[in-house]
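Note sheet for the following structure.
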Amino acid sequence: MVQLGKSEVNGGSQVRSRKKKVKESEVEQAPLKHLDALELKQKLKERLDIREQRSYGDGDSVPSTPPKENGDVSGDEATETIITKESCSKKKTRSGETKRSEPKKPHHPFVISVQMDFMVGFLFLISLITRLVFLDLPRNVVFDEMHYGKYASLYLKGTFFFDANPPLGKLILALAGYFAGYEGDFEFQKIGVPYPENFPLMTLRLIPALCGSLITPTVYLILGEMGLSNWAGALAALMVVLDTAILAQSRFILLESMMMLFALFAILSVLKFRRFAGAPFSMGWCFWILMTSVNMGLAFSVKFIGIYSCWLCSFLLLRSFWKRLSLKQVSNLQLFFEFSSQAVLICVIPILVYVGSFYIHLSILTKAGVHDSLMTSAFQASLEGGLSSIVDGQPKVIAHGSQITLRHTHGKTCWLHSHEHVYPIRYDDGRGSSHQQQVSCYSYKDVNNWWIVKRPDREDLAVHEPLDSIKDGDTIQLVHGMTHRALNSHDVAAPMSPHNQEITCYIDYNISMASENLWKVQIVNMDNSGEESARVWQSIGSQIRLIHVNTNQAMKFSPRLYPEWGFHQNEVAADKNHDQLDTIWNVEEHRYTKHDEDKRTLERELFNAELIPQTPTYLSFWQKFWELQVKMLITNQDNVQNHNYASYPGEWPFLVRGIAYFISKDSNAQVHLIGNIMIWYTGTLSVLAYSTILIIYLLRRRRLCFDVPEDVFQEFVEVGEVLMAGYLFHFVPFLFYDRTLFIHHYLLAYVFKLMLTAFLMVHIYEIAMNVVSRKWLARLVAIGVVCWILATIYVFVQMSPFCYGFFPMSASQVKSLKWKDTWDFIIHKP
C-alpha cells in the first residue's frame, strides 16, 4: 500500500475543493436569458442552494449578488426578485432551523422596571439584626448620649444651647423624639444615669442604628459601581458588619453613623455620576450631580469632619473632568459650561443645606438657656427671657459719666476687671513690673467689673443734660468704679505675654512713671450710612476697640492665665496688632452716674444696682448665623484638653486604645469602643501592601514589562484614586489637629481602608489565577481568605459583649479579652 504524506493528502483535498468551487461558480454565473422556464427554475434553485451553503457552511466570502453580464439584465432581476421573496418568507439559522421574525414589543412609557440585588438586601438584613438586637440595653446614659440626648431635649423645649458642631444630626434626633411624644423633660445629667420608663430610648437610638445598618449595603454598592468583583463588595460589607467599633458607634444616640452614611452616599453618587459624564446635562447627569451635592451638604451639616468627604468628591469630579479634556470632539465652550455647572452645584447646594440647617436651628431655639453666656450680649438679649444682667430700659447711648461693664465680645466669656491687688515687683522669669494695680478679664459677675467713662478735660463724673455722648474716634479715660484708678498702659512687658504691653490701673509710687491713661474709641461695626447718630457709642450693639493713644496699641483679651498672685484670671494686655477678635469689646451693663459727691456714695450706687431682665432685642438670622460660626470656630480651636481616653492619630491604625462608654454599677458589664483586631491590623497591612504593589507595577512598566494586563492595571490605579485617596483624605488631616481626638474620629477613614482591603484580597486571587496561572496558588489564597473570615467571626463573637453592654462578665473574663496592654477595660467587680 502506498503511504501518502500529510501535505499530499491536504493538497489533494484542497484541489478537489477548488474544483467544486469552480463548478459551483460556473453554475451560478451561467447566462439565464436563453433557458426555458423549467431550466430557469432549476438553475435558480441551484444558485440558492450554493449561496445558502456558503453562508452557513464553509464560510467563504462571496459577493452578495452575482456580477451582471451584458444582456443579462432580465435574468438577474428575476433572480434578485426570487431571492428577496425567499429571504422575506423565512430566515435560517446556522443550525438550519427556521427563525421567524419576532413581533415588535409594545412601548409602555409609564412603566418603571425595578431590579433588586439579593446581596444588597441580605447584607442590610444581617447588619440590621446586629445593630437592633437589644437596642434598649443598657438602659443608661452612654458616653456622648449625655450631650446629644440633652441637645435633643433642649430642641423640644425651644431652649438655646451651644455646640461646636453643626445642628443637622441633633435636629434629626429631636425630630425622632418629637414623633415619639417625648417632651424633653429628661436632663441627661451624667454618664450612667438610668433612663426613666417613659423615655423613648428605642426611638432615639433607632436613627443611628438604621444609619449604621445602611452603611453595609452602601459599601457593597460603591465597590460594584467601581466595576469591581461582587466578591470584593461582599467581603468589604462583611467586614463592616463584623467590626465591633462600627457596631458600638451605631447603637447609641451618637452622630458618627449619620455622618458616615451621608458621606458614603456622596461617594456613591459621584461614582454613578461618572457614568453620565459623557452625556452632560442629561437626566442622569443632572440627578447624580444633585445627589452628590446634597449628600455632601448633609455630611458636613452633621459634623464638620464631613468636609473631608466633600474634598474627596471634588477630587473625583475634577479627575473625571480632566479625562474629558482630552476629547477633541468636545468644544471648549461645552467644557466650560460643564465645569462651571458642576462647580456651582457642588459649592452652592452644600452651602444651602448647611445654612438651612442653621435656619431651622435658630428658628426653634428662641428661649434663653444655660449656654447664653457664651454668646455676645446682643445675641443673649435677642432670646426670650432676655439676659438677667441687662436692665430693663437701660440707656443705650454711652456718655461722659456712664457706668459700664466691658465684656470680651468673641471667644471666652469674661469682663474687664480690676481690684486693689498689684503686680509683683518681679515675675518668676526675673523681669520687673510697674508694680501697679492689676487688670484682668474675669469670668464671673462682680462689682469690680464696673468702670466709669470720663472725658479727659472734665473732673466730675455725673451725667448732665444735654448728654455728652461718646462717638467713634473720641478720646476717653476709663476710671475703675471701686478703686477710682484710671485704666493705663505703658512700655512695660505684660506679665504673661512679654511681646505685648502691660495694662494697669495707674498708681503713682513716685517712681517717675507718667500716667498714660488716654484711650481712643474705635467702633468696629459702625453703620456706614454717614449719619451722625451711627457714630455714637451704644450699649449692647456697638463693638469697639480701645486704642491706647500714646503707643497706638489695642487692649486685648489674652488666653493666658495669671498665676496665684493674679487669682488665675485671664491676662489683659495691649497689642500693636489691632485687627483680631480678641481686641473687640462691648458694653453689656450700663447706667448713668447720678451722684459723684464722694467715693462712698458712688460705691453704694454700684453695689445697689438692680438687675432686671429686659425685653428681647431683635437680631436678624444672618447676624446670629455669623456669630455662631465665629464662636464655633473659636471653640474648636480652644478645645485643647486632656481626656483619659483621648488618643493620637498615629495610634489609630494599630488599635492602641479604645474608649470606655459605660460601666454597670452591679457588674463588669460595659460598653467599650474597640475594633475587631483581625480586621483592624489586616486593613493596616493592606494599605502598606497596596502601596508596595503599586510601586512594583509602576517600576515594571517603566522597564517595559507589561506582564499585568492593561485593564487589570488600570483597575488597580482607579481603586487607588478612590479608596486609597479616600483613606488619606479622611486620616491625614487629623495628624495636624491641636485638640482632643478620639478613635471614633478614625471610623470613616477606616471604612475606606476596609474597602481597599477587600479589593486587594480579590486582586491577589485573580493575579494568582489568571496572570501567574497557578491554580494551586489561587486555591491557597482562597483558603487563606476563608480562614481569615472564620478568625474574624471568632474575634467578633468574643468582643461583642463590649458592644451591647449588658452581658455580666467576671474580672477574669475581662482580663482574658485584654489582648493588648494598652487596652483600658474597666474592672470593678471580682
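Identifiers in the C-alpha cells: chain A, B, ... in order shown; residue index from 1 per chain; ligand index from 1 in order shown.
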
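Residues with any atom within 7 Å of Phe734 of chain A, counting only C-alpha atoms and excluding same-chain neighbours fewer than 3 positions away, are Pro649, Phe731 and Tyr737 of chain A.
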
Same residues, N, CA and C atoms, saved as an mmCIF file, in the first residue's frame:
data_model
loop_
_atom_site.group_PDB
_atom_site.id
_atom_site.type_symbol
_atom_site.label_atom_id
_atom_site.label_comp_id
_atom_site.auth_asym_id
_atom_site.auth_seq_id
_atom_site.Cartn_x
_atom_site.Cartn_y
_atom_site.Cartn_z
ATOM 1 N N PRO A 649 -3.674 60.404 66.498
ATOM 2 C CA PRO A 649 -3.969 59.741 65.219
ATOM 3 C C PRO A 649 -2.956 58.676 64.819
ATOM 4 N N PHE A 731 -7.898 60.730 56.923
ATOM 5 C CA PHE A 731 -6.985 60.401 58.019
ATOM 6 C C PHE A 731 -5.874 61.421 58.219
ATOM 7 N N TYR A 737 -4.117 68.215 63.818
ATOM 8 C CA TYR A 737 -5.070 68.790 64.766
ATOM 9 C C TYR A 737 -4.377 69.095 66.086
#

Do a neighbour search on Phe654 of chain A at 12 Å with only C-alpha atoms, toss out local chain neighbours closer than 4 positions, and write the hits as a PDB file with N, CA, C and O atoms, in the first residue's frame.
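To be explicit, this is the file written out as around-v1.pdb:
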ATOM      1  N   SER A 647      -6.759  59.907  72.220  1.00  0.00           N
ATOM      2  CA  SER A 647      -5.699  59.170  71.529  1.00  0.00           C
ATOM      3  C   SER A 647      -5.123  60.031  70.414  1.00  0.00           C
ATOM      4  O   SER A 647      -5.764  60.969  69.927  1.00  0.00           O
ATOM      5  N   TYR A 648      -3.923  59.686  70.009  1.00  0.00           N
ATOM      6  CA  TYR A 648      -3.229  60.398  68.936  1.00  0.00           C
ATOM      7  C   TYR A 648      -3.483  59.670  67.614  1.00  0.00           C
ATOM      8  O   TYR A 648      -3.526  58.425  67.585  1.00  0.00           O
ATOM      9  N   PRO A 649      -3.674  60.404  66.498  1.00  0.00           N
ATOM     10  CA  PRO A 649      -3.969  59.741  65.219  1.00  0.00           C
ATOM     11  C   PRO A 649      -2.956  58.676  64.819  1.00  0.00           C
ATOM     12  O   PRO A 649      -3.326  57.693  64.166  1.00  0.00           O
ATOM     13  N   GLY A 650      -1.693  58.850  65.190  1.00  0.00           N
ATOM     14  CA  GLY A 650      -0.706  57.842  64.856  1.00  0.00           C
ATOM     15  C   GLY A 650      -0.961  56.506  65.528  1.00  0.00           C
ATOM     16  O   GLY A 650      -0.446  55.465  65.085  1.00  0.00           O
ATOM     17  N   GLY A 658      -9.026  52.103  73.106  1.00  0.00           N
ATOM     18  CA  GLY A 658     -10.402  52.412  72.754  1.00  0.00           C
ATOM     19  C   GLY A 658     -10.953  53.490  73.670  1.00  0.00           C
ATOM     20  O   GLY A 658     -10.215  54.321  74.207  1.00  0.00           O
ATOM     21  N   ILE A 674     -14.016  49.430  70.888  1.00  0.00           N
ATOM     22  CA  ILE A 674     -12.764  48.779  70.493  1.00  0.00           C
ATOM     23  C   ILE A 674     -13.034  48.001  69.210  1.00  0.00           C
ATOM     24  O   ILE A 674     -14.081  47.388  69.050  1.00  0.00           O
ATOM     25  N   GLY A 675     -12.138  48.067  68.259  1.00  0.00           N
ATOM     26  CA  GLY A 675     -12.354  47.443  66.970  1.00  0.00           C
ATOM     27  C   GLY A 675     -12.033  45.958  66.963  1.00  0.00           C
ATOM     28  O   GLY A 675     -11.447  45.418  67.909  1.00  0.00           O
ATOM     29  N   ASN A 676     -12.416  45.306  65.873  1.00  0.00           N
ATOM     30  CA  ASN A 676     -12.073  43.897  65.644  1.00  0.00           C
ATOM     31  C   ASN A 676     -10.611  43.848  65.222  1.00  0.00           C
ATOM     32  O   ASN A 676     -10.244  44.288  64.127  1.00  0.00           O
ATOM     33  N   ILE A 677      -9.774  43.319  66.076  1.00  0.00           N
ATOM     34  CA  ILE A 677      -8.332  43.420  65.858  1.00  0.00           C
ATOM     35  C   ILE A 677      -7.883  42.686  64.597  1.00  0.00           C
ATOM     36  O   ILE A 677      -6.915  43.096  63.943  1.00  0.00           O
ATOM     37  N   MET A 678      -8.586  41.630  64.191  1.00  0.00           N
ATOM     38  CA  MET A 678      -8.238  40.931  62.953  1.00  0.00           C
ATOM     39  C   MET A 678      -8.440  41.830  61.744  1.00  0.00           C
ATOM     40  O   MET A 678      -7.575  41.936  60.865  1.00  0.00           O
ATOM     41  N   ILE A 679      -9.586  42.481  61.700  1.00  0.00           N
ATOM     42  CA  ILE A 679      -9.870  43.381  60.580  1.00  0.00           C
ATOM     43  C   ILE A 679      -8.967  44.601  60.639  1.00  0.00           C
ATOM     44  O   ILE A 679      -8.456  45.078  59.621  1.00  0.00           O
ATOM     45  N   TRP A 680      -8.758  45.106  61.852  1.00  0.00           N
ATOM     46  CA  TRP A 680      -8.012  46.351  62.025  1.00  0.00           C
ATOM     47  C   TRP A 680      -6.579  46.214  61.500  1.00  0.00           C
ATOM     48  O   TRP A 680      -6.116  47.045  60.707  1.00  0.00           O
ATOM     49  N   TYR A 681      -5.891  45.166  61.927  1.00  0.00           N
ATOM     50  CA  TYR A 681      -4.498  45.010  61.519  1.00  0.00           C
ATOM     51  C   TYR A 681      -4.385  44.565  60.056  1.00  0.00           C
ATOM     52  O   TYR A 681      -3.434  44.942  59.372  1.00  0.00           O
ATOM     53  N   THR A 682      -5.349  43.784  59.585  1.00  0.00           N
ATOM     54  CA  THR A 682      -5.336  43.411  58.171  1.00  0.00           C
ATOM     55  C   THR A 682      -5.486  44.647  57.300  1.00  0.00           C
ATOM     56  O   THR A 682      -4.826  44.776  56.264  1.00  0.00           O
ATOM     57  N   GLY A 683      -6.354  45.570  57.723  1.00  0.00           N
ATOM     58  CA  GLY A 683      -6.520  46.804  56.966  1.00  0.00           C
ATOM     59  C   GLY A 683      -5.254  47.634  56.928  1.00  0.00           C
ATOM     60  O   GLY A 683      -4.880  48.185  55.885  1.00  0.00           O
ATOM     61  N   THR A 684      -4.583  47.725  58.054  1.00  0.00           N
ATOM     62  CA  THR A 684      -3.331  48.489  58.088  1.00  0.00           C
ATOM     63  C   THR A 684      -2.278  47.860  57.185  1.00  0.00           C
ATOM     64  O   THR A 684      -1.569  48.559  56.441  1.00  0.00           O
ATOM     65  N   LEU A 685      -2.167  46.525  57.217  1.00  0.00           N
ATOM     66  CA  LEU A 685      -1.223  45.837  56.325  1.00  0.00           C
ATOM     67  C   LEU A 685      -1.628  45.997  54.865  1.00  0.00           C
ATOM     68  O   LEU A 685      -0.761  46.085  53.981  1.00  0.00           O
ATOM     69  N   ILE A 743     -10.703  57.797  69.014  1.00  0.00           N
ATOM     70  CA  ILE A 743     -10.589  56.824  67.940  1.00  0.00           C
ATOM     71  C   ILE A 743     -11.816  56.830  67.030  1.00  0.00           C
ATOM     72  O   ILE A 743     -11.736  56.436  65.866  1.00  0.00           O
ATOM     73  N   TYR A 746     -11.659  58.267  63.550  1.00  0.00           N
ATOM     74  CA  TYR A 746     -10.965  57.491  62.519  1.00  0.00           C
ATOM     75  C   TYR A 746     -11.902  56.595  61.717  1.00  0.00           C
ATOM     76  O   TYR A 746     -11.511  56.040  60.697  1.00  0.00           O
ATOM     77  N   TYR A 750     -11.437  54.513  58.232  1.00  0.00           N
ATOM     78  CA  TYR A 750     -11.355  53.067  58.412  1.00  0.00           C
ATOM     79  C   TYR A 750     -12.242  52.322  57.417  1.00  0.00           C
ATOM     80  O   TYR A 750     -11.863  51.261  56.900  1.00  0.00           O
ATOM     81  N   LYS A 820      -4.195  43.474  74.357  1.00  0.00           N
ATOM     82  CA  LYS A 820      -3.086  44.423  74.297  1.00  0.00           C
ATOM     83  C   LYS A 820      -3.001  45.135  75.636  1.00  0.00           C
ATOM     84  O   LYS A 820      -4.031  45.456  76.257  1.00  0.00           O
ATOM     85  N   THR A 822      -2.337  48.086  76.286  1.00  0.00           N
ATOM     86  CA  THR A 822      -2.824  49.465  76.264  1.00  0.00           C
ATOM     87  C   THR A 822      -4.345  49.560  76.287  1.00  0.00           C
ATOM     88  O   THR A 822      -4.886  50.664  76.385  1.00  0.00           O
ATOM     89  N   TRP A 823      -5.034  48.431  76.189  1.00  0.00           N
ATOM     90  CA  TRP A 823      -6.497  48.458  76.234  1.00  0.00           C
ATOM     91  C   TRP A 823      -6.950  48.680  77.677  1.00  0.00           C
ATOM     92  O   TRP A 823      -6.572  47.925  78.578  1.00  0.00           O
TER      93      TRP A 823
END

Segment 195-268 of chain A near segment 299-303 of chain A within 9 Å: what's each residue's closest atom pair and its distance in Å to one decimal, counting only C-alpha atoms, ordered by chain then ascending residue number, as CSV?
residue,atom,partner,partner_atom,distance
A:Leu255,CA,A:Val302,CA,7.1
A:Glu256,CA,A:Lys303,CA,7.9
A:Met258,CA,A:Val302,CA,7.3
A:Met259,CA,A:Ala299,CA,4.9
A:Met260,CA,A:Ala299,CA,7.2
A:Leu261,CA,A:Ala299,CA,7.9
A:Phe262,CA,A:Ala299,CA,5.0
A:Ala263,CA,A:Ala299,CA,5.3
A:Leu264,CA,A:Ala299,CA,8.9
A:Ala266,CA,A:Ala299,CA,8.3

Keeping only N, CA and C atoms, write the selected residues as a PDB file, in the first residue's frame.
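Written out: result.pdb:
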ATOM      1  N   LEU A 255     -23.680  60.668  66.646  1.00  0.00           N
ATOM      2  CA  LEU A 255     -23.840  61.259  65.316  1.00  0.00           C
ATOM      3  C   LEU A 255     -22.962  60.639  64.242  1.00  0.00           C
ATOM      4  N   GLU A 256     -21.946  59.847  64.614  1.00  0.00           N
ATOM      5  CA  GLU A 256     -20.978  59.377  63.618  1.00  0.00           C
ATOM      6  C   GLU A 256     -21.630  58.540  62.526  1.00  0.00           C
ATOM      7  N   MET A 258     -24.595  58.660  61.239  1.00  0.00           N
ATOM      8  CA  MET A 258     -25.307  59.524  60.296  1.00  0.00           C
ATOM      9  C   MET A 258     -24.332  60.223  59.358  1.00  0.00           C
ATOM     10  N   MET A 259     -23.283  60.788  59.927  1.00  0.00           N
ATOM     11  CA  MET A 259     -22.292  61.484  59.108  1.00  0.00           C
ATOM     12  C   MET A 259     -21.620  60.533  58.127  1.00  0.00           C
ATOM     13  N   MET A 260     -21.269  59.323  58.589  1.00  0.00           N
ATOM     14  CA  MET A 260     -20.613  58.347  57.720  1.00  0.00           C
ATOM     15  C   MET A 260     -21.533  57.922  56.578  1.00  0.00           C
ATOM     16  N   LEU A 261     -22.820  57.721  56.884  1.00  0.00           N
ATOM     17  CA  LEU A 261     -23.752  57.289  55.843  1.00  0.00           C
ATOM     18  C   LEU A 261     -23.907  58.360  54.766  1.00  0.00           C
ATOM     19  N   PHE A 262     -24.097  59.612  55.152  1.00  0.00           N
ATOM     20  CA  PHE A 262     -24.240  60.682  54.170  1.00  0.00           C
ATOM     21  C   PHE A 262     -22.963  60.839  53.343  1.00  0.00           C
ATOM     22  N   ALA A 263     -21.804  60.678  53.994  1.00  0.00           N
ATOM     23  CA  ALA A 263     -20.535  60.786  53.266  1.00  0.00           C
ATOM     24  C   ALA A 263     -20.399  59.669  52.237  1.00  0.00           C
ATOM     25  N   LEU A 264     -20.749  58.445  52.605  1.00  0.00           N
ATOM     26  CA  LEU A 264     -20.659  57.325  51.663  1.00  0.00           C
ATOM     27  C   LEU A 264     -21.702  57.451  50.554  1.00  0.00           C
ATOM     28  N   ALA A 266     -22.582  60.255  49.301  1.00  0.00           N
ATOM     29  CA  ALA A 266     -21.983  61.237  48.392  1.00  0.00           C
ATOM     30  C   ALA A 266     -20.962  60.573  47.469  1.00  0.00           C
TER      31      ALA A 266
END

Handout entry: Å distance separating atom CA of Gly212 of chain A from atom CA of Val240 of chain A, one decimal place
Key =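 Atom-to-atom, atom CA of Gly212 of chain A to atom CA of Val240 of chain A, that is 9.4 Å.
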
Each residue of segment 192-242 of chain A with at least one atom at most 10 Å from segment 178-188 of chain A should appear once, together with its nearest atom pair and the corresponding distance in Å (one decimal); atoms considered: only C-alpha atoms; ordering: chain, then increasing residue number; output as a Markdown table.
| residue | atom | partner | partner_atom | distance |
| --- | --- | --- | --- | --- |
| A:Gly192 | CA | A:Phe188 | CA | 9.3 |
| A:Val193 | CA | A:Phe188 | CA | 7.3 |
| A:Pro194 | CA | A:Phe188 | CA | 9.2 |
| A:Tyr195 | CA | A:Phe186 | CA | 8.0 |
| A:Pro196 | CA | A:Phe186 | CA | 8.0 |
| A:Asn198 | CA | A:Tyr182 | CA | 8.5 |
| A:Phe199 | CA | A:Tyr182 | CA | 7.0 |
| A:Pro200 | CA | A:Ala180 | CA | 6.5 |
| A:Leu201 | CA | A:Ala180 | CA | 9.6 |
| A:Met202 | CA | A:Ala180 | CA | 9.7 |
| A:Thr203 | CA | A:Ala180 | CA | 6.9 |
| A:Leu204 | CA | A:Ala180 | CA | 8.7 |

Grab the residues selected above and save them as a tab-separated table (two decimals), in the first residue's frame with N, CA, C and O atoms.
chain	number	residue	atom	x	y	z
A	192	GLY	N	-24.19	57.05	82.81
A	192	GLY	CA	-24.61	56.00	83.73
A	192	GLY	C	-25.95	56.22	84.39
A	192	GLY	O	-26.49	55.31	85.01
A	193	VAL	N	-26.50	57.44	84.26
A	193	VAL	CA	-27.81	57.71	84.87
A	193	VAL	C	-28.87	56.87	84.16
A	193	VAL	O	-28.93	56.85	82.93
A	194	PRO	N	-29.73	56.16	84.89
A	194	PRO	CA	-30.75	55.33	84.23
A	194	PRO	C	-31.83	56.19	83.57
A	194	PRO	O	-32.18	57.25	84.06
A	195	TYR	N	-32.33	55.69	82.45
A	195	TYR	CA	-33.42	56.38	81.76
A	195	TYR	C	-34.74	56.07	82.45
A	195	TYR	O	-34.96	54.95	82.93
A	196	PRO	N	-35.67	57.02	82.50
A	196	PRO	CA	-36.99	56.73	83.06
A	196	PRO	C	-37.78	55.79	82.15
A	196	PRO	O	-37.45	55.61	80.97
A	198	ASN	N	-40.69	56.07	80.82
A	198	ASN	CA	-41.43	56.67	79.70
A	198	ASN	C	-40.51	57.33	78.66
A	198	ASN	O	-41.00	57.95	77.72
A	199	PHE	N	-39.21	57.17	78.82
A	199	PHE	CA	-38.29	57.78	77.86
A	199	PHE	C	-38.22	56.92	76.60
A	199	PHE	O	-37.99	55.71	76.67
A	200	PRO	N	-38.38	57.52	75.39
A	200	PRO	CA	-38.39	56.73	74.14
A	200	PRO	C	-36.98	56.37	73.67
A	200	PRO	O	-36.52	56.81	72.62
A	201	LEU	N	-36.32	55.55	74.45
A	201	LEU	CA	-34.93	55.22	74.16
A	201	LEU	C	-34.77	54.49	72.83
A	201	LEU	O	-33.85	54.78	72.06
A	202	MET	N	-35.66	53.54	72.57
A	202	MET	CA	-35.57	52.78	71.31
A	202	MET	C	-35.67	53.71	70.11
A	202	MET	O	-34.95	53.55	69.12
A	203	THR	N	-36.56	54.69	70.18
A	203	THR	CA	-36.77	55.59	69.04
A	203	THR	C	-35.53	56.44	68.78
A	203	THR	O	-35.10	56.59	67.63
A	204	LEU	N	-34.96	57.00	69.83
A	204	LEU	CA	-33.78	57.86	69.64
A	204	LEU	C	-32.56	57.06	69.20
A	204	LEU	O	-31.75	57.54	68.41

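When only C-alpha atoms are used to measure the gap to Trp322 of chain A, the shortest distance among A:Lys150, A:His464, A:His828, A:Arg274 belongs to A:Arg274.
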
Exercise for the section: Mind checking which residues fall within 12 Å of Phe621 of chain A, counting only C-alpha atoms, ignoring those fewer than 3 positions away in the same chain, and posting them as a ChimeraX atom specification? Expected result: /A:355-356,358-363,366,379,382,618,624-628

Preceding selection exported with all heavy atoms as a compact mmCIF listing (two decimals), in the first residue's frame:
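selection27.txt, written as the output of this step:
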# COMPACT_ATOMS: atom_id res chain seq x y z
N VAL A 355 -26.66 76.15 55.59
CA VAL A 355 -27.33 77.34 56.11
C VAL A 355 -28.77 77.00 56.49
O VAL A 355 -29.29 77.49 57.51
CB VAL A 355 -27.29 78.48 55.06
CG1 VAL A 355 -28.11 79.67 55.53
CG2 VAL A 355 -25.85 78.90 54.81
N GLY A 356 -29.44 76.16 55.69
CA GLY A 356 -30.81 75.77 56.01
C GLY A 356 -30.92 75.07 57.35
O GLY A 356 -31.89 75.28 58.10
N PHE A 358 -29.06 75.59 59.93
CA PHE A 358 -28.94 76.61 60.97
C PHE A 358 -30.19 77.48 61.05
O PHE A 358 -30.54 77.97 62.12
CB PHE A 358 -27.70 77.49 60.72
CG PHE A 358 -26.45 76.93 61.32
CD1 PHE A 358 -25.58 76.19 60.56
CD2 PHE A 358 -26.15 77.15 62.65
CE1 PHE A 358 -24.42 75.67 61.11
CE2 PHE A 358 -25.00 76.63 63.22
CZ PHE A 358 -24.13 75.88 62.44
N TYR A 359 -30.86 77.66 59.92
CA TYR A 359 -32.09 78.44 59.95
C TYR A 359 -33.14 77.73 60.80
O TYR A 359 -33.82 78.36 61.63
CB TYR A 359 -32.61 78.65 58.53
CG TYR A 359 -33.84 79.52 58.47
CD1 TYR A 359 -33.72 80.91 58.47
CD2 TYR A 359 -35.11 78.96 58.42
CE1 TYR A 359 -34.85 81.72 58.43
CE2 TYR A 359 -36.24 79.76 58.38
CZ TYR A 359 -36.11 81.13 58.38
OH TYR A 359 -37.22 81.93 58.35
N ILE A 360 -33.26 76.42 60.61
CA ILE A 360 -34.19 75.65 61.44
C ILE A 360 -33.75 75.67 62.90
O ILE A 360 -34.55 75.84 63.83
CB ILE A 360 -34.29 74.20 60.92
CG1 ILE A 360 -34.80 74.19 59.47
CG2 ILE A 360 -35.19 73.36 61.81
CD1 ILE A 360 -34.76 72.82 58.82
N HIS A 361 -32.45 75.52 63.11
CA HIS A 361 -31.87 75.52 64.45
C HIS A 361 -32.23 76.80 65.21
O HIS A 361 -32.74 76.76 66.34
CB HIS A 361 -30.35 75.37 64.30
CG HIS A 361 -29.57 75.52 65.57
ND1 HIS A 361 -29.46 74.52 66.51
CD2 HIS A 361 -28.84 76.56 66.05
CE1 HIS A 361 -28.70 74.92 67.51
NE2 HIS A 361 -28.32 76.16 67.25
N LEU A 362 -32.00 77.96 64.59
CA LEU A 362 -32.24 79.23 65.27
C LEU A 362 -33.73 79.57 65.34
O LEU A 362 -34.14 80.33 66.23
CB LEU A 362 -31.48 80.34 64.54
CG LEU A 362 -29.95 80.25 64.65
CD1 LEU A 362 -29.29 81.27 63.75
CD2 LEU A 362 -29.51 80.44 66.10
N SER A 363 -34.51 79.02 64.43
CA SER A 363 -35.95 79.24 64.49
C SER A 363 -36.59 78.51 65.66
O SER A 363 -37.59 78.96 66.22
CB SER A 363 -36.62 78.79 63.18
OG SER A 363 -36.12 79.52 62.08
N THR A 366 -35.45 79.70 70.66
CA THR A 366 -35.79 81.13 70.85
C THR A 366 -35.76 81.54 72.31
O THR A 366 -35.91 82.73 72.61
CB THR A 366 -37.17 81.41 70.27
OG1 THR A 366 -38.14 80.56 70.91
CG2 THR A 366 -37.20 81.14 68.77
N PHE A 379 -26.72 88.92 71.27
CA PHE A 379 -27.34 87.63 71.00
C PHE A 379 -28.18 87.19 72.20
O PHE A 379 -29.32 86.74 72.05
CB PHE A 379 -26.26 86.59 70.70
CG PHE A 379 -26.78 85.32 70.08
CD1 PHE A 379 -26.56 85.06 68.74
CD2 PHE A 379 -27.49 84.40 70.82
CE1 PHE A 379 -27.03 83.89 68.15
CE2 PHE A 379 -27.96 83.23 70.26
CZ PHE A 379 -27.74 82.97 68.92
N SER A 382 -31.46 88.92 72.52
CA SER A 382 -32.45 88.63 71.48
C SER A 382 -33.31 87.42 71.81
O SER A 382 -34.27 87.13 71.11
CB SER A 382 -31.75 88.41 70.14
OG SER A 382 -31.02 87.20 70.16
N TYR A 618 -33.93 92.56 68.87
CA TYR A 618 -34.04 91.87 67.59
C TYR A 618 -32.67 91.76 66.93
O TYR A 618 -31.93 92.74 66.82
CB TYR A 618 -34.99 92.61 66.66
CG TYR A 618 -35.04 92.00 65.27
CD1 TYR A 618 -35.74 90.81 65.05
CD2 TYR A 618 -34.35 92.57 64.21
CE1 TYR A 618 -35.77 90.22 63.80
CE2 TYR A 618 -34.38 91.99 62.95
CZ TYR A 618 -35.09 90.82 62.76
OH TYR A 618 -35.11 90.24 61.52
N LYS A 624 -27.12 86.37 63.71
CA LYS A 624 -26.95 85.23 64.61
C LYS A 624 -26.10 84.14 63.96
O LYS A 624 -25.24 83.52 64.61
CB LYS A 624 -28.31 84.66 64.99
CG LYS A 624 -29.13 85.55 65.90
CD LYS A 624 -30.43 84.84 66.28
CE LYS A 624 -31.24 85.66 67.26
NZ LYS A 624 -32.47 84.95 67.67
N PHE A 625 -26.33 83.89 62.67
CA PHE A 625 -25.61 82.83 61.96
C PHE A 625 -24.11 83.09 61.97
O PHE A 625 -23.32 82.20 62.32
CB PHE A 625 -26.13 82.74 60.53
CG PHE A 625 -25.38 81.78 59.66
CD1 PHE A 625 -25.58 80.41 59.75
CD2 PHE A 625 -24.44 82.23 58.73
CE1 PHE A 625 -24.88 79.52 58.95
CE2 PHE A 625 -23.74 81.37 57.92
CZ PHE A 625 -23.96 80.01 58.04
N TRP A 626 -23.71 84.30 61.61
CA TRP A 626 -22.28 84.60 61.54
C TRP A 626 -21.64 84.58 62.93
O TRP A 626 -20.49 84.17 63.09
CB TRP A 626 -22.03 85.93 60.85
CG TRP A 626 -22.33 85.88 59.39
CD1 TRP A 626 -23.28 86.57 58.70
CD2 TRP A 626 -21.65 85.06 58.41
NE1 TRP A 626 -23.26 86.24 57.37
CE2 TRP A 626 -22.27 85.32 57.16
CE3 TRP A 626 -20.61 84.14 58.47
CZ2 TRP A 626 -21.86 84.68 55.99
CZ3 TRP A 626 -20.21 83.51 57.31
CH2 TRP A 626 -20.82 83.77 56.10
N GLU A 627 -22.38 85.04 63.93
CA GLU A 627 -21.82 84.98 65.28
C GLU A 627 -21.59 83.54 65.72
O GLU A 627 -20.57 83.21 66.33
CB GLU A 627 -22.76 85.68 66.26
CG GLU A 627 -22.21 85.66 67.68
CD GLU A 627 -23.05 86.47 68.66
OE1 GLU A 627 -23.68 87.44 68.20
OE2 GLU A 627 -23.05 86.14 69.85
N LEU A 628 -22.54 82.65 65.38
CA LEU A 628 -22.37 81.24 65.73
C LEU A 628 -21.17 80.64 65.01
O LEU A 628 -20.44 79.83 65.59
CB LEU A 628 -23.63 80.46 65.37
CG LEU A 628 -24.72 80.40 66.44
CD1 LEU A 628 -25.95 79.68 65.90
CD2 LEU A 628 -24.22 79.69 67.69

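Shortest atom-to-atom contact with Ser686 of chain A among A:Ser314, A:Ser213, A:Ser309, A:Thr757: A:Thr757, counting only C-alpha atoms.
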